[in-house]
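Okay, my_file-v8.tsv now, which holds TSV, C-alpha atoms:
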chain	number	residue	atom	x	y	z
S	54	MET	CA	58.67	226.78	-87.64
S	55	LYS	CA	59.24	229.78	-85.42
S	56	VAL	CA	61.34	232.94	-85.54
S	57	CYS	CA	63.74	233.49	-82.62
S	58	THR	CA	63.29	236.97	-81.14
S	59	ARG	CA	67.03	237.27	-80.52
S	60	CYS	CA	68.82	235.94	-83.63
S	61	LYS	CA	65.77	236.56	-85.90
S	62	LYS	CA	66.24	233.19	-87.60
S	63	ASN	CA	63.36	230.90	-88.55
S	64	LYS	CA	63.97	227.57	-86.80
S	65	GLU	CA	62.33	224.21	-86.14
S	66	LEU	CA	60.12	224.09	-83.05
S	67	ASN	CA	62.43	221.58	-81.35
S	68	LYS	CA	65.08	224.31	-81.28
S	69	PHE	CA	63.03	226.15	-78.62
S	70	SER	CA	62.60	225.26	-74.95
S	71	LYS	CA	59.13	224.62	-73.58
S	72	LEU	CA	57.49	227.50	-71.70
S	73	LYS	CA	53.95	226.99	-70.40
S	74	ALA	CA	53.39	230.71	-69.84
S	75	SER	CA	53.71	231.52	-73.55
S	76	LYS	CA	50.83	231.26	-76.02
S	77	ASP	CA	52.46	228.53	-78.10
S	78	GLY	CA	54.05	226.80	-75.12
S	79	LEU	CA	57.57	227.64	-76.31
S	80	SER	CA	60.23	230.17	-75.34
S	81	SER	CA	60.52	233.27	-77.52
S	82	GLU	CA	64.24	232.72	-78.09
S	83	CYS	CA	65.89	229.56	-79.37
S	84	LYS	CA	67.93	227.24	-77.16
S	85	GLU	CA	71.20	228.34	-78.74
S	86	CYS	CA	70.56	232.02	-78.09
S	87	SER	CA	69.34	231.28	-74.57
S	88	LEU	CA	72.52	229.35	-73.81
S	89	ASN	CA	74.72	232.05	-75.28
S	90	ARG	CA	72.92	234.71	-73.25
S	91	TYR	CA	73.34	232.67	-70.07
S	92	ASN	CA	77.05	232.00	-70.72
S	93	THR	CA	77.64	235.70	-71.43
S	94	TYR	CA	75.90	236.70	-68.21
S	95	ARG	CA	77.72	234.19	-66.01
S	96	ARG	CA	81.02	235.60	-67.25
S	97	THR	CA	80.14	239.03	-65.85
S	98	LYS	CA	81.25	239.75	-62.30
S	99	VAL	CA	77.77	239.73	-60.77
S	100	GLY	CA	76.66	236.78	-62.90
S	101	LEU	CA	79.67	234.74	-61.81
S	102	ILE	CA	79.17	235.54	-58.12
S	103	LYS	CA	75.51	234.51	-58.29
S	104	THR	CA	76.52	231.28	-60.04
S	105	ILE	CA	79.00	230.57	-57.22
S	106	TYR	CA	76.25	231.18	-54.66
S	107	ARG	CA	73.92	228.69	-56.36
S	108	THR	CA	76.76	226.16	-56.34
S	109	GLN	CA	77.15	226.72	-52.60
S	110	LEU	CA	73.46	225.99	-52.05
S	111	ARG	CA	73.69	222.70	-53.97
S	112	SER	CA	76.92	221.72	-52.22
S	113	SER	CA	75.43	222.47	-48.79
S	114	LYS	CA	72.40	220.29	-49.52
S	115	ARG	CA	74.57	217.43	-50.80
S	116	ARG	CA	76.78	217.51	-47.72
S	117	GLY	CA	73.89	217.84	-45.25
S	118	HIS	CA	75.06	221.30	-44.19
S	119	PRO	CA	72.80	224.30	-43.45
S	120	VAL	CA	72.52	226.90	-46.19
S	121	PRO	CA	75.11	229.72	-46.17
S	122	THR	CA	74.65	232.20	-43.33
S	123	TYR	CA	74.57	235.06	-45.86
S	124	THR	CA	71.98	235.86	-48.51
S	125	LYS	CA	72.72	236.01	-52.22
S	126	GLU	CA	72.59	239.81	-52.12
S	127	GLU	CA	74.98	239.96	-49.13
S	128	PHE	CA	77.34	237.54	-50.88
S	129	VAL	CA	77.41	239.63	-54.06
S	130	GLU	CA	78.13	242.79	-52.07
S	131	ALA	CA	80.90	241.13	-50.03
S	132	ILE	CA	82.71	239.59	-53.03
S	133	MET	CA	82.40	242.76	-55.13
S	134	GLY	CA	84.16	244.54	-52.28
S	135	MET	CA	87.22	242.27	-52.53
S	136	GLU	CA	90.12	243.64	-54.58
S	137	LEU	CA	91.38	240.08	-55.18
S	138	PHE	CA	88.13	239.13	-56.91
S	139	HIS	CA	88.48	241.91	-59.48
S	140	LYS	CA	92.10	240.89	-60.10
S	141	LEU	CA	91.18	237.21	-60.54
S	142	HIS	CA	88.27	238.11	-62.82
S	143	ALA	CA	90.52	240.31	-64.98
S	144	ASN	CA	93.07	237.48	-65.29
S	145	TRP	CA	90.29	235.05	-66.24
S	146	VAL	CA	88.97	237.36	-68.96
S	147	ALA	CA	92.49	238.04	-70.27
S	148	SER	CA	93.15	234.28	-70.51
S	149	GLY	CA	90.18	233.81	-72.83
S	150	TYR	CA	88.09	232.38	-69.98
S	151	ASP	CA	90.43	229.55	-69.07
S	152	LYS	CA	88.51	227.21	-66.75
S	153	ASP	CA	91.46	226.87	-64.37
S	154	LEU	CA	91.44	230.61	-63.73
S	155	ILE	CA	87.74	231.09	-62.94
S	156	PRO	CA	87.37	232.93	-59.59
S	157	SER	CA	86.08	230.45	-57.03
S	158	ILE	CA	85.17	230.21	-53.35
S	159	ASP	CA	86.06	227.36	-51.00
S	160	ARG	CA	85.61	226.72	-47.29
S	161	ASP	CA	88.70	227.00	-45.10
S	162	ASP	CA	87.44	224.11	-42.95
S	163	SER	CA	85.80	221.47	-45.14
S	164	PHE	CA	83.88	220.04	-42.18
S	165	LEU	CA	82.05	223.33	-41.56
S	166	PRO	CA	79.33	225.01	-43.68
S	167	TYR	CA	79.66	228.20	-45.69
S	168	THR	CA	79.89	231.19	-43.33
S	169	GLU	CA	81.40	234.66	-43.64
S	170	ASP	CA	84.52	233.59	-41.71
S	171	ASN	CA	84.92	230.17	-43.37
S	172	ILE	CA	85.34	231.09	-47.04
S	173	THR	CA	88.39	231.97	-49.12
S	174	LEU	CA	88.64	233.41	-52.63
S	175	MET	CA	90.85	231.49	-55.07
S	176	THR	CA	90.95	230.18	-58.65
S	177	TRP	CA	89.00	227.12	-59.76
S	178	LYS	CA	92.26	225.14	-60.13
S	179	GLU	CA	93.34	226.03	-56.58
S	180	ASN	CA	89.90	224.99	-55.32
S	181	PHE	CA	90.08	221.72	-57.28
S	182	ASP	CA	93.55	220.91	-55.92
S	183	LYS	CA	92.49	221.72	-52.35
S	184	TYR	CA	89.44	219.46	-52.66
S	185	HIS	CA	91.52	216.48	-53.76
S	186	LYS	CA	94.18	217.22	-51.14
S	187	ASP	CA	91.47	217.19	-48.45
S	188	LEU	CA	90.15	213.87	-49.77
S	189	TYR	CA	93.68	212.45	-49.85
S	190	GLU	CA	94.29	213.50	-46.25
S	191	GLY	CA	90.80	212.63	-45.01
S	192	ASN	CA	89.92	216.25	-44.24
S	193	ASP	CA	86.52	216.36	-45.90
S	194	THR	CA	82.97	215.52	-44.80
S	195	GLN	CA	82.75	213.02	-47.68
S	196	CYS	CA	85.46	210.97	-45.97
S	197	LYS	CA	84.10	208.27	-43.67
S	198	PRO	CA	86.41	206.92	-40.94
S	199	VAL	CA	87.20	203.23	-41.31
S	200	VAL	CA	88.27	200.79	-38.60
S	201	GLN	CA	90.74	197.97	-39.29
S	202	LEU	CA	90.38	194.74	-37.29
S	203	THR	CA	91.87	191.28	-37.23
S	204	LEU	CA	89.81	188.43	-38.63
S	205	ASP	CA	88.71	187.52	-35.11
S	206	GLY	CA	87.50	191.06	-34.45
S	207	LYS	CA	90.34	192.68	-32.51
S	208	PHE	CA	90.84	196.43	-33.06
S	209	ILE	CA	94.03	197.37	-34.92
S	210	LYS	CA	93.71	200.94	-36.17
S	211	GLU	CA	91.25	203.63	-37.23
S	212	PHE	CA	91.83	205.61	-40.44
S	213	LYS	CA	90.29	208.93	-41.49
S	214	SER	CA	88.99	207.46	-44.73
S	215	VAL	CA	88.86	204.37	-46.92
S	216	ARG	CA	91.40	205.93	-49.30
S	217	ILE	CA	93.91	206.48	-46.53
S	218	ALA	CA	93.45	202.93	-45.24
S	219	ALA	CA	93.87	201.54	-48.77
S	220	ARG	CA	96.98	203.62	-49.33
S	221	GLU	CA	98.67	202.60	-46.08
S	222	LEU	CA	97.72	198.92	-46.34
S	223	ASN	CA	98.37	198.66	-50.10
S	224	LEU	CA	94.80	197.56	-50.81
S	225	LEU	CA	92.14	198.67	-53.28
S	226	PRO	CA	89.65	201.21	-51.82
S	227	GLY	CA	86.80	199.22	-53.34
S	228	SER	CA	87.81	196.03	-51.53
S	229	ILE	CA	87.76	197.82	-48.16
S	230	SER	CA	84.40	199.45	-48.95
S	231	ASN	CA	82.93	196.05	-49.89
S	232	VAL	CA	83.90	194.68	-46.48
S	233	CYS	CA	82.39	197.73	-44.74
S	234	ILE	CA	79.02	197.25	-46.44
S	235	GLY	CA	79.04	193.47	-45.99
S	236	LYS	CA	79.64	192.41	-49.59
S	237	CYS	CA	82.91	190.70	-48.62
S	238	SER	CA	84.03	189.11	-45.37
S	239	GLN	CA	87.62	190.41	-45.46
S	240	ALA	CA	90.22	192.26	-47.51
S	241	GLY	CA	93.95	191.69	-47.27
S	242	GLY	CA	93.46	189.46	-44.26
S	243	TYR	CA	91.51	192.09	-42.27
S	244	LYS	CA	87.95	193.08	-41.46
S	245	PHE	CA	86.82	196.69	-41.84
S	246	CYS	CA	83.92	198.81	-40.60
S	247	HIS	CA	83.09	202.50	-40.60
S	248	SER	CA	82.82	202.75	-36.80
S	249	VAL	CA	83.57	200.72	-33.69
S	250	THR	CA	79.82	200.46	-32.99
S	251	SER	CA	79.01	199.07	-36.43
S	252	CYS	CA	82.05	196.79	-36.19
S	253	THR	CA	80.70	195.16	-33.06
S	254	SER	CA	77.37	194.22	-34.61
S	255	TYR	CA	78.86	193.39	-38.00
S	256	ILE	CA	81.51	191.04	-36.62
S	257	SER	CA	79.05	189.27	-34.37
S	258	ILE	CA	76.95	188.45	-37.45
S	259	LEU	CA	79.93	187.19	-39.42
S	260	ASN	CA	81.08	184.98	-36.55
S	261	VAL	CA	77.75	183.23	-36.12

Before we go any further, please render this structure as structure tokens.
Amino acid sequence: MKVCTRCKKNKELNKFSKLKASKDGLSSECKECSLNRYNTYRRTKVGLIKTIYRTQLRSSKRRGHPVPTYTKEEFVEAIMGMELFHKLHANWVASGYDKDLIPSIDRDDSFLPYTEDNITLMTWKENFDKYHKDLYEGNDTQCKPVVQLTLDGKFIKEFKSVRIAARELNLLPGSISNVCIGKCSQAGGYKFCHSVTSCTSYISILNV
């Protein structure tokens, strides 16, 4: 058993996170108190901005983009200087911390990385809706172009993404993707590839 330095309660050892630097190898505060402290901090203005910055770093890595052109300290200073941020934060607090109203940052151009002139302040719900709108319209780096061909390899049309092709051709996105990666030979009476170059080599293999 161990006493948490924050809530002062005597708890089982598995209620504490491991910490090699401590004498007993455990954190001085229990997991519950640690989580509550973190959640309280990330609801503060500075805590929220720093959380957004860490999210930008992860998103940049996932998309293969360079890290933001501004540092964490520069980002905090810039956002704290925006009147809209303070208004959005006040609305979020007043709502009882409604997830949809969390202040958020998104890129104006989804194909470009985070830079000072490519970010816009909005609510989490607005960011979420914009993300799915970009996916729907093929305006996101996660969207891979897909080429539609006849069964004998003649070019028909290029789409911005698999979803758009599926929507226009009334096919399942998964069936088009399976053709693109070679799991299936055709979908809906067509062949599909992610680029004209890959189509050329892919079709030549299928026609052997």

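Residues in contact range of segment 138-142 of chain S, defined as at most 8 Å between only C-alpha atoms, with sequence neighbours fewer than 3 positions away removed, read S:Lys98, S:Ile132, S:Met133, S:Met135, S:Trp145, S:Val146, S:Leu154, S:Ile155, S:Pro156, S:Leu174, S:Met175, S:Thr176.
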
Which centre and which edge lengths, in Å to one decimal, describe the axis-aligned box that holds all listed atoms of segment 80-99 of chain S after 5 Å is added on each side, as AutoDock Vina command-line options?
--center_x 70.7 --center_y 233.5 --center_z -70.1 --size_x 31.0 --size_y 22.5 --size_z 28.6

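Closest approach to Gly241 of chain S among S:Tyr189, S:Ile209, S:Leu204, S:Phe128 is made by S:Leu204 (distances from only C-alpha atoms).
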
- Task: Choose the residue, out of S:Cys83, S:Val56, S:Pro121, S:Gln239, that has the smallest atom-to-atom separation from Gly227 of chain S; count all atoms listed in the file.
- Result: S:Gln239

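Separating atom CA of Lys178 of chain S from atom CA of Lys125 of chain S is a distance of 23.7 Å.
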
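Atom pair atom CA of Val199 of chain S / atom CA of Asp182 of chain S: separated by 23.8 Å.
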
- Item | Between atom CA of Thr168 of chain S and atom CA of Val120 of chain S, distance in Å (one decimal) | 9.0 Å

- Query: Which of these residues is nearest to Cys60 of chain S, using all atoms listed in the file: S:Asp77, S:Asp162, S:Glu126, S:Glu85?
  - Reply: S:Glu85

- Task: Compile the contact shell of Ser228 of chain S as a ChimeraX atom specification: residues with an atom at most 12 Å away, counting only C-alpha atoms, same-chain residues fewer than 5 positions apart removed.
- Result: /S:215-216,218-219,222-223,233-246

Using all atoms listed in the file, what table do you get, as JSON lines, when you list each residue of segment 141-172 of chain S with an atom no more than 8 Å from segment 102-111 of chain S, its nearest pair of atoms, and their distance in Å rounded to one decimal, rows by chain then rising number?
{"residue": "S:Ser157", "atom": "CA", "partner": "S:Ile105", "partner_atom": "CA", "distance": 7.1}
{"residue": "S:Ile158", "atom": "CA", "partner": "S:Ile105", "partner_atom": "CA", "distance": 7.3}
{"residue": "S:Tyr167", "atom": "CA", "partner": "S:Gln109", "partner_atom": "CA", "distance": 7.5}

Deliver the residues from the most recent selection as a file, using C-alpha atoms, as a PDB file, in the coordinates of the input.
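To be explicit, this is the file written out as selection_13.pdb:
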ATOM      1  CA  SER S 157      86.080 230.450 -57.030  1.00  0.00           C
ATOM      2  CA  ILE S 158      85.170 230.210 -53.350  1.00  0.00           C
ATOM      3  CA  TYR S 167      79.660 228.200 -45.690  1.00  0.00           C
TER       4      TYR S 167
END

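Compared by their closest atoms to Glu127 of chain S, and using only C-alpha atoms, the residues S:Leu165, S:Asp151, S:Asp159, S:Val99 rank with S:Val99 nearest.
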
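Distances here use all atoms listed in the file; by that measure, the residue among S:Arg160, S:His247, S:His185, S:Lys62 closest to Lys210 of chain S is S:His247.
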
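Closest approach to Asp170 of chain S from the set S:Cys196, S:Ala147, S:Ala131, S:Cys57 is made by S:Ala131, with distances taken over only C-alpha atoms.
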